[in-house]
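**Q** Below you will find the structure I want to go over with you.
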Amino acid sequence: MTTLTTADKQQLESLGISAEQVDNQLNQFKKGFAFSDLIAPATIGKGIVRFDENEIEGLVRQFDEDKKYYDIIKFVPASGAASRMFKNLYSFVEEYKNQTIPADFLRKEKIKPDSVENFFMGIHDFAFFEDLKNTLEAKGKDIEKMLKNNELVEIAEALLNADGMNYGSLPKALLKFHKYGDDARLAMEEHLVEAAEYSKSADGKTAQLHFTVSQEHLDIFKKMVEVVISKYEKLFGIQYVITFSVQKPSTDTIAATMDNEPFRDKNGKLVFRPGGHGALIQNLNDLHKEIIFIKNIDNVVPDKLKPTTYKYKKVLGGYLFRLQQQQFEYLEMLDAGDVTNAELDEITAFAKDKLMIDIPDFFSTYNEIEKIDFLYSKLNRPMRVCGMVKNEGEPGGGPYFTRNSSDEISLQIVESSQIDHKNEKQEAMFRSSTHFNPVDLVCATQDFKGNSFNLPDYVDPETGFISLKSKDGKDLKAMELPGLWNGAMADWITIFVEVPILTFNPVKTVNDLLRETHQ
């Protein structure tokens with residue numbers, strides 16, 4: 001048990017963190033996190049479902065017909081600052097701040113897509129160009145002359161810095177992503193547009209969204225929503241119900257010294273760090289909604305490409321409806337207890353073939369009551385249907401069959417950081433994955449009696465990871481909680497469905513906005 005001072009205890013109480021949590025986390029630092037145990041990559045027909053056109057049309061139709069029976073919300077993790085989008089630009093400013101930029105800087109051949117040169121070559125195509133132009137005009141500058149004269153550092157600073165557009169410090173949600181004639185939309189606005197299509201209420205009058213936002217951006221985020229919301233309510237004839245949450249201080253994790261003792265700052269206070277996006281399982285849990293679509297803030301496309309997005313959102317949602325309706329029917333039978341052997345066989349086949357639930361060999365030795373109990377416990381869990389796209393080299397987790405510490409095999413989304421790359425067999429399986437996770441999920445979080453599951457009960461605490469950081473010039477260990485769609489949903493019923501690569505268009509760097517899919 002860690003020895004805590006009176007001041008420590010007061011600090012923990014203010015954060016909503018217990019001494020037991022601190023002890024558990026420090027013990028986790030000592031033992032570390034085990035690597036994932038990959039059994040096989042999920043592939044088409046073996047863990048990933050691929051639908052033909054007739055099936056796709058049927059699922060879209062099912063979603064459109066059945067959505068009126070469900071309470072649907074769109075959940076958008078939007079906490080991250082955009083600073084990482086501009087990493088190359090920041091480096092450029094640092095390098096050339098007090099230097100002359102070569103005359104041929106923007107005239108090189110074979111300019112790389114992710115380069116600073118490409119940023120300036122394509123600057124007129126960014127949705128924020130007019131704002132940048134006007135920002136410079138307010139300072140008595142002409143952006144066209146500046147480009148011609150290689151005054152590029154000043155242009156970059158006008159975009160990034162607080163005395164300009166402040167894009168380096170804003171959240172991604174509040175950056176202009178797409179142009180529409182003389183108009184342009186923020187990333188946040190594109191999510192409002194999407195929500196009007198697939199997260200409407202039964203009467204079609206409202207659409208629900210929830211954004212997770214960092215505390216520092218909460219006020220400006222709310223103000224920007226207020227500025228634009230009436231435009232889209234008028235456009236789509238609906239009323240938006242928009243809620244916000246921040247990552248709870250109680251989900252922060254203690255920092256540790258290299259000797260696995262509590263790390264303290266210069267004033268002797270315990271140091272805590274955000275627990276990563278896995279902490280958002282608490283935010284998700286607080287919604288108490290029936291059906292939740294999850295999609296990252298930067299994965300949006302212009303209107304011309306939205307029909308494909310809508311189509312496959314409905315495919316995922318329709319398939320979830322179909323599976324859950326059968327799941328609930330079987331759970332009601334199991335709950336009543338009056339099930340024939342033939343019905344038990346039917347439920348077992350559904351669990352195994354449709355819900356991808358591992359049925360162990362020893363199940364056949366169970367008596368009727370034991371089989372009912374086993375199937376009930378396996379079926380009565382939250383469910384997620386996850387879109388998977390073909391792996392074309394983009395970064396991201398992949399779909400695999402894995403074995404956990406209880407010797408249970410299940411479908412999981414596994415990140416590269418969870419793999420033992422020194423293990424040849426594990427590395428070979430990791431490399432042979434055909435698909436990866438674009439974070440495109442639809443979740444069912446209530447049971448067949450209409451009660452909300454307590455989602456933290458379905459987290460695998462052994463799937464976090466430890467990274468090395470520093471503070472005040474001293475090294476420290478930081479712990480990230482199991483990721484939101486990785487370990488935080490490890491004990492959910494998990495279904496993988498192939499979706500087209502066109503549905504995945506993330507903006508990781510500012511130059512991604514120059515891709516054809518964002519123009």
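Letters for chains follow the order of the structure tokens (A, B, ...), residue numbers begin at 1 for each chain, and ligand numbers begin at 1 in the order shown.
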Once DSSP has gone over the backbone, tell me which residues of region 420-507 of chain A are in strand (DSSP E), as a list in words.
**A**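 Selecting the strand (DSSP E) positions of region 420-507 of chain A gives His435, Phe436, Asp440, Leu441, Val442, Cys443, Ala444, Phe465, Ile466, Ser467, Leu468, Lys469, Ser470, Lys471, Lys474, Asp475, Leu476, Lys477, Ala478, Met479, Glu480, Ile493, Thr494, Ile495, Phe496, Val497 and Glu498 of chain A.
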**Q** Quick one: residues within 10 Å of Gly168 (chain A), only C-alpha atoms, excluding same-chain residues fewer than 4 positions away - as a PDB file with N, CA and C atoms, in the first residue's frame?
**A**
```pdb
ATOM      1  N   ALA A  81      -6.273  18.650 -29.873  1.00  0.00           N
ATOM      2  CA  ALA A  81      -5.866  19.900 -30.519  1.00  0.00           C
ATOM      3  C   ALA A  81      -5.295  19.578 -31.891  1.00  0.00           C
ATOM      4  N   ALA A  82      -5.316  20.562 -32.768  1.00  0.00           N
ATOM      5  CA  ALA A  82      -4.881  20.349 -34.153  1.00  0.00           C
ATOM      6  C   ALA A  82      -3.372  20.504 -34.324  1.00  0.00           C
ATOM      7  N   SER A  83      -2.659  20.775 -33.240  1.00  0.00           N
ATOM      8  CA  SER A  83      -1.228  21.097 -33.356  1.00  0.00           C
ATOM      9  C   SER A  83      -0.440  20.043 -34.135  1.00  0.00           C
ATOM     10  N   ARG A  84      -0.785  18.756 -33.948  1.00  0.00           N
ATOM     11  CA  ARG A  84      -0.049  17.690 -34.650  1.00  0.00           C
ATOM     12  C   ARG A  84      -0.268  17.739 -36.158  1.00  0.00           C
ATOM     13  N   MET A  85      -1.385  18.327 -36.589  1.00  0.00           N
ATOM     14  CA  MET A  85      -1.636  18.472 -38.025  1.00  0.00           C
ATOM     15  C   MET A  85      -0.595  19.354 -38.691  1.00  0.00           C
ATOM     16  N   PHE A  86      -0.017  20.257 -37.895  1.00  0.00           N
ATOM     17  CA  PHE A  86       0.875  21.272 -38.449  1.00  0.00           C
ATOM     18  C   PHE A  86       2.323  21.064 -38.032  1.00  0.00           C
ATOM     19  N   LYS A  87       2.669  19.838 -37.690  1.00  0.00           N
ATOM     20  CA  LYS A  87       4.022  19.541 -37.214  1.00  0.00           C
ATOM     21  C   LYS A  87       5.090  19.996 -38.209  1.00  0.00           C
ATOM     22  N   LEU A  89       4.830  22.265 -40.545  1.00  0.00           N
ATOM     23  CA  LEU A  89       4.847  23.726 -40.663  1.00  0.00           C
ATOM     24  C   LEU A  89       5.586  24.360 -39.493  1.00  0.00           C
ATOM     25  N   TYR A  90       5.374  23.832 -38.298  1.00  0.00           N
ATOM     26  CA  TYR A  90       6.088  24.343 -37.127  1.00  0.00           C
ATOM     27  C   TYR A  90       7.601  24.155 -37.299  1.00  0.00           C
ATOM     28  N   GLU A 157       2.975  31.627 -39.902  1.00  0.00           N
ATOM     29  CA  GLU A 157       2.718  32.179 -38.567  1.00  0.00           C
ATOM     30  C   GLU A 157       1.323  32.782 -38.475  1.00  0.00           C
ATOM     31  N   LEU A 159      -1.271  31.725 -39.970  1.00  0.00           N
ATOM     32  CA  LEU A 159      -2.189  30.603 -39.849  1.00  0.00           C
ATOM     33  C   LEU A 159      -2.156  29.995 -38.449  1.00  0.00           C
ATOM     34  N   LEU A 160      -0.946  29.817 -37.905  1.00  0.00           N
ATOM     35  CA  LEU A 160      -0.773  29.025 -36.689  1.00  0.00           C
ATOM     36  C   LEU A 160      -0.909  29.802 -35.392  1.00  0.00           C
ATOM     37  N   ASN A 161      -0.448  31.032 -35.364  1.00  0.00           N
ATOM     38  CA  ASN A 161      -0.263  31.739 -34.097  1.00  0.00           C
ATOM     39  C   ASN A 161      -1.516  32.459 -33.598  1.00  0.00           C
ATOM     40  N   ALA A 162      -1.485  32.772 -32.305  1.00  0.00           N
ATOM     41  CA  ALA A 162      -2.640  33.389 -31.640  1.00  0.00           C
ATOM     42  C   ALA A 162      -2.953  34.776 -32.175  1.00  0.00           C
ATOM     43  N   LYS A 172      -9.281  20.258 -33.818  1.00  0.00           N
ATOM     44  CA  LYS A 172      -9.547  19.948 -35.230  1.00  0.00           C
ATOM     45  C   LYS A 172     -10.977  20.283 -35.633  1.00  0.00           C
ATOM     46  N   LEU A 175     -11.596  23.699 -37.332  1.00  0.00           N
ATOM     47  CA  LEU A 175     -10.848  24.080 -38.529  1.00  0.00           C
ATOM     48  C   LEU A 175     -11.740  23.915 -39.751  1.00  0.00           C
TER      49      LEU A 175
END
```
**Q** Please give the complete set of residues from region 321-406 of chain A that DSSP, run on the backbone, assigns to helix (DSSP H, G or I), formatted as number ranges by chain.
**A** A: 321-336, 341-353, 361-365, 368-379
**Q** Rounded to one decimal, what separation in Å do you get between CA of Phe321 (chain A) and CA of Leu411 (chain A)?
**A**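 Distance between the two atoms: 19.7 Å.
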**Q** Just the residues within 8 Å of region 198-209 of chain A, please, counting only C-alpha atoms, with nothing from its chain fewer than 5 positions along; format it as number ranges by chain.
**A** A: 67-76, 192, 237-243, 310, 313-314
**Q** Could you give me, as CSV, a per-residue list for region 361-432 of chain A showing, wherever an atom lies at most 12 Å from an atom of region 447-466 of chain A, the closest pair of atoms and their distance in Å to one decimal, using only C-alpha atoms and sorting by chain then residue number from low to high?
**A**
```
residue,atom,partner,partner_atom,distance
A:Tyr376,CA,A:Phe448,CA,11.2
A:Ser377,CA,A:Asp447,CA,11.6
A:Lys378,CA,A:Tyr458,CA,11.9
A:Leu379,CA,A:Asp447,CA,9.6
A:Asn380,CA,A:Asp447,CA,6.5
A:Arg381,CA,A:Asp447,CA,7.1
A:Pro382,CA,A:Phe453,CA,6.8
A:Met383,CA,A:Asp447,CA,9.7
A:Thr402,CA,A:Thr463,CA,11.9
A:Asn404,CA,A:Asp460,CA,8.9
A:Ser405,CA,A:Glu462,CA,8.7
A:Ser406,CA,A:Asp460,CA,10.9
A:Gln412,CA,A:Thr463,CA,11.1
A:Ile413,CA,A:Thr463,CA,11.2
A:Val414,CA,A:Thr463,CA,9.6
A:Glu415,CA,A:Thr463,CA,10.3
A:Ser416,CA,A:Phe465,CA,11.4
A:Ser417,CA,A:Phe465,CA,7.9
A:Gln418,CA,A:Phe465,CA,7.7
A:Ile419,CA,A:Thr463,CA,10.9
```
**Q** Kindly indicate which residue among A:Asp265, A:Gly278, A:Gln324, A:Leu59 lies nearest to Glu290 (chain A), using only C-alpha atoms for the distances.
**A**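 Using only C-alpha atoms, the shortest distance to Glu290 (chain A) belongs to A:Gln324.
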**Q** Near Ala42 (chain A), counting only C-alpha atoms, which residues have an atom at most 8 Å away, once you skip same-chain residues fewer than 3 positions from it, shown as a list in words?
**A**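 Using only C-alpha atoms, the neighbours found are Lys46, Gly47, Ile48, Pro399, Tyr400, Phe401, Leu411, Ser433, Thr434 and His435 of chain A.
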**Q** Which residues are close to Thr5 (chain A), i.e. within 12 Å by only C-alpha atoms, leaving aside same-chain residues fewer than 4 positions away? Reply as a PDB file with N, CA and C atoms, in the first residue's frame.
**A**
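Output (part.pdb):
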```pdb
ATOM      1  N   LYS A   9      -4.030  12.840  -0.006  1.00  0.00           N
ATOM      2  CA  LYS A   9      -5.410  12.356   0.113  1.00  0.00           C
ATOM      3  C   LYS A   9      -6.409  13.437  -0.308  1.00  0.00           C
ATOM      4  N   GLN A  10      -6.084  14.684   0.045  1.00  0.00           N
ATOM      5  CA  GLN A  10      -6.957  15.789  -0.358  1.00  0.00           C
ATOM      6  C   GLN A  10      -6.928  15.967  -1.875  1.00  0.00           C
ATOM      7  N   GLN A  11      -5.747  15.807  -2.457  1.00  0.00           N
ATOM      8  CA  GLN A  11      -5.611  15.915  -3.907  1.00  0.00           C
ATOM      9  C   GLN A  11      -6.413  14.822  -4.608  1.00  0.00           C
ATOM     10  N   LEU A  12      -6.309  13.597  -4.110  1.00  0.00           N
ATOM     11  CA  LEU A  12      -7.055  12.477  -4.696  1.00  0.00           C
ATOM     12  C   LEU A  12      -8.557  12.709  -4.600  1.00  0.00           C
ATOM     13  N   ALA A  19      -7.408   5.884  -3.369  1.00  0.00           N
ATOM     14  CA  ALA A  19      -6.063   5.385  -3.057  1.00  0.00           C
ATOM     15  C   ALA A  19      -5.867   3.997  -3.658  1.00  0.00           C
ATOM     16  N   PRO A 262       5.367   6.889  -6.854  1.00  0.00           N
ATOM     17  CA  PRO A 262       4.598   8.047  -7.330  1.00  0.00           C
ATOM     18  C   PRO A 262       5.527   9.200  -7.732  1.00  0.00           C
ATOM     19  N   GLY A 268       6.108  18.940  -4.699  1.00  0.00           N
ATOM     20  CA  GLY A 268       5.796  17.739  -3.937  1.00  0.00           C
ATOM     21  C   GLY A 268       4.420  17.162  -4.191  1.00  0.00           C
ATOM     22  N   LYS A 269       3.671  17.746  -5.161  1.00  0.00           N
ATOM     23  CA  LYS A 269       2.328  17.218  -5.467  1.00  0.00           C
ATOM     24  C   LYS A 269       2.428  16.006  -6.390  1.00  0.00           C
ATOM     25  N   LEU A 270       1.510  15.072  -6.214  1.00  0.00           N
ATOM     26  CA  LEU A 270       1.425  13.916  -7.111  1.00  0.00           C
ATOM     27  C   LEU A 270       1.106  14.404  -8.526  1.00  0.00           C
TER      28      LEU A 270
END
```
**Q** What does the distance between CA of Ala428 (chain A) and CA of Pro41 (chain A) come to in Å, to one decimal place?
**A**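 Interatomic distance, CA of Ala428 (chain A) to CA of Pro41 (chain A): 9.9 Å.
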